[in-house]
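K.L.:
Okay, here's the structure, questions in a sec.
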Amino acid sequence: MKMAYEKIFDCDDTYATVSEISGAVGEPEAEDIDFANGIVDGIAEHAEEIDGVIASAAKGWALDRMPKVDISVLRVAVYELLFDKKAPQKVIINEAVRIATKYGGDDSPKFINGVLGTIASSGDK
């Protein structure tokens, strides 16, 4: 889990810090680790395309100017929308907004919802 957090959020918090912030209790299950690693690997594999889709939908925003939490949440959600496709679009967007509400800034939920709504309603599905 620490590896997924470091890769996605580009930070060096320890697993204990991440668990404390997230409210997770105990050690992650092997299937949770596999799930997180699958997302991280998928994002890495499709990074250029994912970032291109985000940049296109986030008009007026350069990726390098977005808060790290926002870009990280967007990358995970766009990967799930375009490549993983295991959950319905509404579920992916709602989960991304929920995470943005918990970890992002005041404007993050609205921004994330807008960008993902644009992507979901476009031909990039």
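Starting from 1 in every chain, residues are counted up; chains themselves are A, B, ... following the order of the structure tokens, and ligands are numbered from 1 as listed.
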Do a neighbour search on Gly60 (chain A) at 12 Å with only C-alpha atoms, toss out local chain neighbours closer than 5 positions, and write the hits as a PyMOL selection string.

P.N.:
chain A and resi 54-55+65-66+111+115

K.L.:
Residues near Arg98 (chain A), anyone? I mean within 10 Å using only C-alpha atoms, not counting same-chain ones fewer than 3 positions away, as a list of chain:residue names.

P.N.:
A:Ile92, A:Ile93, A:Asn94, A:Glu95, A:Thr101, A:Lys102, A:Tyr103, A:Gly104, A:Ser108, A:Pro109, A:Ile112, A:Asn113

K.L.:
Any chance you could export the current selection's C-alpha atoms as a PDB file, in the first residue's frame?

P.N.:
ATOM      1  CA  ILE A  92     -16.248   5.732 -10.165  1.00  0.00           C
ATOM      2  CA  ILE A  93     -17.134   9.435 -10.262  1.00  0.00           C
ATOM      3  CA  ASN A  94     -18.919   9.352  -6.886  1.00  0.00           C
ATOM      4  CA  GLU A  95     -15.960   7.592  -5.264  1.00  0.00           C
ATOM      5  CA  THR A 101     -13.949  15.775  -0.359  1.00  0.00           C
ATOM      6  CA  LYS A 102     -11.958  13.957   2.309  1.00  0.00           C
ATOM      7  CA  TYR A 103      -8.396  14.700   1.145  1.00  0.00           C
ATOM      8  CA  GLY A 104      -8.554  17.635  -1.276  1.00  0.00           C
ATOM      9  CA  SER A 108     -11.560  19.770  -5.247  1.00  0.00           C
ATOM     10  CA  PRO A 109     -14.892  17.891  -5.221  1.00  0.00           C
ATOM     11  CA  ILE A 112     -13.090  16.521  -9.915  1.00  0.00           C
ATOM     12  CA  ASN A 113     -16.800  16.075 -10.616  1.00  0.00           C
TER      13      ASN A 113
END

K.L.:
Rank A:Ala87, A:Val69, A:Val76, A:Val53 by their smallest atom-to-atom distance to Ser122 (chain A), using only C-alpha atoms, and report the top residue only.

P.N.:
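Ranked by minimum distance to Ser122 (chain A), first place goes to A:Val53.
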
K.L.:
Which one is closest to Ala44 (chain A): A:Arg75, A:Gly26, A:Ser56, A:Ala96? Count only C-alpha atoms.

P.N.:
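Residue with the minimum atom-to-atom distance to Ala44 (chain A): A:Arg75.
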
K.L.:
Grab the CA of Val91 (chain A) to CA of Asp64 (chain A) distance for me, in Å with one decimal place.

P.N.:
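It comes out at 26.9 Å.
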
K.L.:
So which one's closest to Lys86 (chain A), A:Trp61, A:Gly114, A:Ile39, A:Gly52? Using only C-alpha atoms, please.

P.N.:
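For Lys86 (chain A), the nearest of the given residues is A:Ile39.
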
K.L.:
Neighbours of Phe83 (chain A) within 9 Å (only C-alpha atoms; same-chain residues fewer than 2 positions away dropped), as a ChimeraX atom specification?

P.N.:
/A:42,46,78-81,85-86,125

K.L.:
Any chance you could list, as number ranges by chain, the residues in region 35-81 of chain A that come up alpha helix (DSSP H) when DSSP is run on the backbone?

P.N.:
A: 35-45, 47-57, 68-79

K.L.:
Restricting the calculation to only C-alpha atoms, which member of A:Ile119, A:Ala30, A:Ala58, A:Ala47 is positioned closest to Gln89 (chain A)?

P.N.:
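That would be A:Ile119, the residue with the smallest distance to Gln89 (chain A).
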
K.L.:
Can you tell me how far CA of Ile99 (chain A) sits from CA of Ile71 (chain A), in Å to one decimal?

P.N.:
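Distance between the two atoms: 12.0 Å.
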
K.L.:
Please measure the separation of CA of Pro88 (chain A) and CA of Leu116 (chain A), giving the value in Å to one decimal.

P.N.:
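Computing it gives 12.9 Å between the two atoms.
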
K.L.:
From the set A:Asp84, A:Pro67, A:Gly105, A:Lys110, which residue has the shortest atom-to-atom contact distance to Gly38 (chain A), counting only C-alpha atoms?

P.N.:
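So, comparing all the options, the nearest one is A:Asp84.
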